[in-house]
Amino acid sequence: MTIQFNDETFRDDYSFYNSERAIKRFPFPFHEDSYMYSVNMEQHRGGPVDSVYEKRFDVDEHYVSEMRDREMVLADDPLRCQSLPHMTLAGWDLLELIMVSKSEDYPDLFELHRDGNNWRWVNKPLGIDDSFVFLDETTLPYGPMEYITRQAQGDFCVLDQRDDNLWMDAGMVTTQADWSLDFDIGMNFFEWHAPVPLAHEKGIFVRALKFLLNIQQGAPARRLNWTMTVNPLLDTSPENYHKWGIQKTTLTPENLGAKQHLRVELQTFFRLPRSNALVFPIRCYLCSFQDLMTVPKWGRRLHRVIRDLPEELATYKGFIDNRPMMLDYLSKFDDGLPTSDGIWPDFETEPALQT
Amino acid sequence: MSGAEKIAVKVTDVVPLNDLVTRFKFERVDGGLLPTFSGGAHTVVEMPEGDITRLNPYSLMSDPMDQSAYTISVRRDDEGRGGSLFMHNKVKVGDEMTISYPVNLFSLDLRAKKHLFLAGGIGITPFLAQIKQLERFNGNWELHYACRTESLGSYVDELTSHHPNETHIYYDDQDDKIDLLNLLDGQPLGTHIYVCGPKGMIDWVRNTAAAEGWPREAIHYEEFLAPQPGKPFEVKLAVSNKVIQVGEQESLLEAMEREGVDAPYLCRGGACGQCETRVIDYTGNFIHRDHWLDDDEHANGEKIMPCVSRFEGKTLVLDR
Amino acid sequence: MSKFQFPQSIKSRPVYGTLEPREGSAHLFIADAHGAEAILDVATTSLMAKAHIIYIPKGEAFEDDLRALNAASFYAGPSYAAAEQRIHKALADAKMGLQVYLAGTEGVMGQAQNAAMQAGIPHTAIQTEHRGSTARRMQCVHCKGITEDVETDPFQCAHCGLHLFVRDHYSRRLAAYQGVRIDAEDHGNVPEPKGIYE
């Protein structure tokens, strides 16, 4: 196998770590030294070799451990995965999309054998070898969406399209940036985004919705979003906020580099063929500040972005109280040199930190 | 984003059904599988003729699960600009053509407790695919199909023999009319209406259902307009800094494409809203034909849908 | 009783209107407490001829006035739970063209709206008019328990006992606003409750 899977945890002792390779391919979300909402969509058709953009569904060293964490979340709270009755066909669409994509993109890890509707799915990293009948729910241990998303990193929102809007009518949501599928299921695009500050006023959601409604089969799109998390905790859910919220107060100048994580979402969008629904996978990547600082360009830029971020956004993203401490830490990695455009590390061209 | 992804296909069957309608079958040139689709989807067929390439949308009528071939049915329009005439007169078995990936602007509401289909003439085609989709999943549906005459009743025999209980046929020349009020009365809560046919029929169904207290969201309709020929006119494109001529037999959208201006589109039939273009300045009159913009927008001269609408007058400057 | 003007809010928060008579094959009215006044305002003889009124008085004295409208069917009962089976039956028997009119408190309107949506009516086609108490029906996001008639922010969850702040984020499916632990990042630091709209 080409990928060495980490044995790690995203809770309790937080043994999660990024290898050097994982740090280099981390999807750093800032293409310039400042940040404001935008409809930063682009086509999702591959990208640089070994980047998170290369494959339709990125599989990395955290795969096996993330799936183990998802299983624990679902055992505690099965409502993290729900599908309204009319979304079953979309679930099959998603199952097909993921199985076909992964078996083509990672033939050494996944195999799909199809004989009409009789399918056999082999998932080597998770030790799964299942035969089932496509479009027959009785032949799978879970509904089609739950079955396949227990085997795919990231959250999945499956959106029904009707009345010129998108409706959050199904999803698998266990690695979310503080929102609840159980509460939001059934809402339309504007409603589930209602709590987001500033973006409504800027017309961001009207433009984004127009773009998403017109995503067509064979032409997926993507964008990056980000927030901050203390400790590499995947399940930052509102359901458990009464337990994890207090962790934000455990930061000290000494432990901040290791504990404070930049949390990046690679959001992709695919039109599903049989149901005409849209699937919106939200893949979460975590990286500690101290690992990010090994990339000189990212060190300079992250300091400037966090320093200049409007107060509403720092509050919404939940780190307003910790921002001064974060800036004390980050300022040591900003020597004032200019940075190159774009998100890539640019090791060859960007100078080392000047001290 | 200009249009959906393209697929290279060859024509593998051409079947005249009656005096007006011919069916075409497409398979991939490379022998591979076509994408599955959802009932109600259309494909945009490219029709190159001389230095003009027309792109017309046609509803996919084959089984959405059948990836071996797509079929469409084309009604000949002797008055139009020749897209349908090209299909009828020029396209032969073995020809290679380019079609788009399926795009659905008329999809089923899968929450519906019952699907009530109302078709007029060639408007039957999207329902053929939707019926196949619903049959696969034991959906609850009913079809009311109005045709001019028995001889022009495309697919009537197939429908009545496969689905005798669900299919109801009405022939205009036999003074047989859909009794709409009676049909609407007593439908179970959660019923959705789908209507595809001439504009008059769509308006009749929408207005009648609204007057009977049916919610707007329960009424779905689709009508693709073919661009109509008209007097030639000149347009200034401000962004591309070009002055172009729109010929009698081409649409404004086609003229922009001919001049290499990248203009977005999806349906090319005045329905999807993708090609909406801002008017910067004009002296003259718009001939709006779309049903995307509302009446106010048609009156205020701020926007035009270049796929089907035209202009008569002195100056037209567009934000393209 | 004058109508409360809700402040501007986020897009998931329901917006209430004023009931108006609409064309329809039948008319279902569901109201509680002062919601009766909205029905009395909109009622006409022709509307009442095809109307079914379901009313939860909650101690208000409108029952006789409503009964005097001579609706085709009338019910007054002690609680939404008591009326629920009758509402489901009315919706199950209904045909397309049914008009639904809801009036009164957010809790009752929200639950009745959800029942009508489940039966196949789009939420945008259901009329609502707020009357009476502005108390909210709250869901605790942590224990999922519903606390009815919440008037203060923060409030204590009736089930798990956590102190929750009152969000404007609203779920039609749950017919409830979201309550989130207010002292999650500083245990024990619970501000003094005040009225939600103070």
# chains A, B, ... in the order shown; residues from 1 in each chain; ligands from 1

$ interface_residues --of "chain B" --to "chain C" --cutoff "10 Å" --atoms "only C-alpha atoms" --output "PyMOL selection string"
chain B and resi 111-113+184-192+209-218

$ interface_residues --of "chain A" --to "chain B" --cutoff "8 Å" --atoms "only C-alpha atoms" --output "list in words"
Pro85, His86, Met87, Arg162, Asp163, Gln216, Gln217, Gly218, Ala219, Pro273, Arg274, Ser275 and Asn276 of chain A

$ select_by_dssp --residues "region 34-205 of chain A" --states "strand (DSSP E or B)" --output "ChimeraX atom specification"
/A:42-43,81-83,110-115,118-123,128-133,155-162,165-172,177,188

$ residues_around --residues "Leu55 (chain B)" --least-positions-apart "3" --cutoff "8 Å" --atoms "only C-alpha atoms" --output "number ranges by chain"
B: 44-47, 83, 268

$ closest_atom_pairs --of "chain C" --to "chain A" --cutoff "7 Å" --atoms "only C-alpha atoms" --output "CSV"
residue,atom,partner,partner_atom,distance
C:Ile10,CA,A:Ala194,CA,5.4
C:Lys11,CA,A:Ala194,CA,5.0
C:Ser12,CA,A:Glu191,CA,4.3
C:Val141,CA,A:Glu239,CA,5.3
C:His142,CA,A:Glu239,CA,4.5
C:His169,CA,A:Pro195,CA,6.9
C:Ser171,CA,A:Phe183,CA,6.1
C:Arg173,CA,A:Gly186,CA,6.8
C:Arg181,CA,A:His242,CA,5.9
C:Ala184,CA,A:His242,CA,4.9
C:Glu185,CA,A:Ile246,CA,4.3
C:Asp186,CA,A:Ile246,CA,6.6

$ select_by_dssp --residues "region 250-353 of chain A" --states "helix (DSSP H, G or I)" --output "VMD selection string"
chain A and resid 250 256 to 259 289 to 292 296 to 308 311 to 316 323 to 331

$ atom_distance --atom1 "CA of Trp167 (chain A)" --atom2 "CA of Asp155 (chain A)"
16.1 Å

$ closest_residue --among "B:Ile52, B:Ile7, B:Met87, B:Leu128" --to "Arg75 (chain B)" --atoms "only C-alpha atoms"
B:Met87

$ residues_around --residues "Ala82 (chain C)" --least-positions-apart "5" --cutoff "12 Å" --atoms "only C-alpha atoms" --output "list of chain:residue names"
C:Ile54, C:Tyr55, C:Ile56, C:Tyr75, C:Ala76, C:Gly77, C:Ile87, C:His88

$ residues_around --residues "Ile30 (chain C)" --least-positions-apart "3" --cutoff "8 Å" --atoms "only C-alpha atoms" --output "PyMOL selection string"
chain C and resi 53-55+100-103+109+112
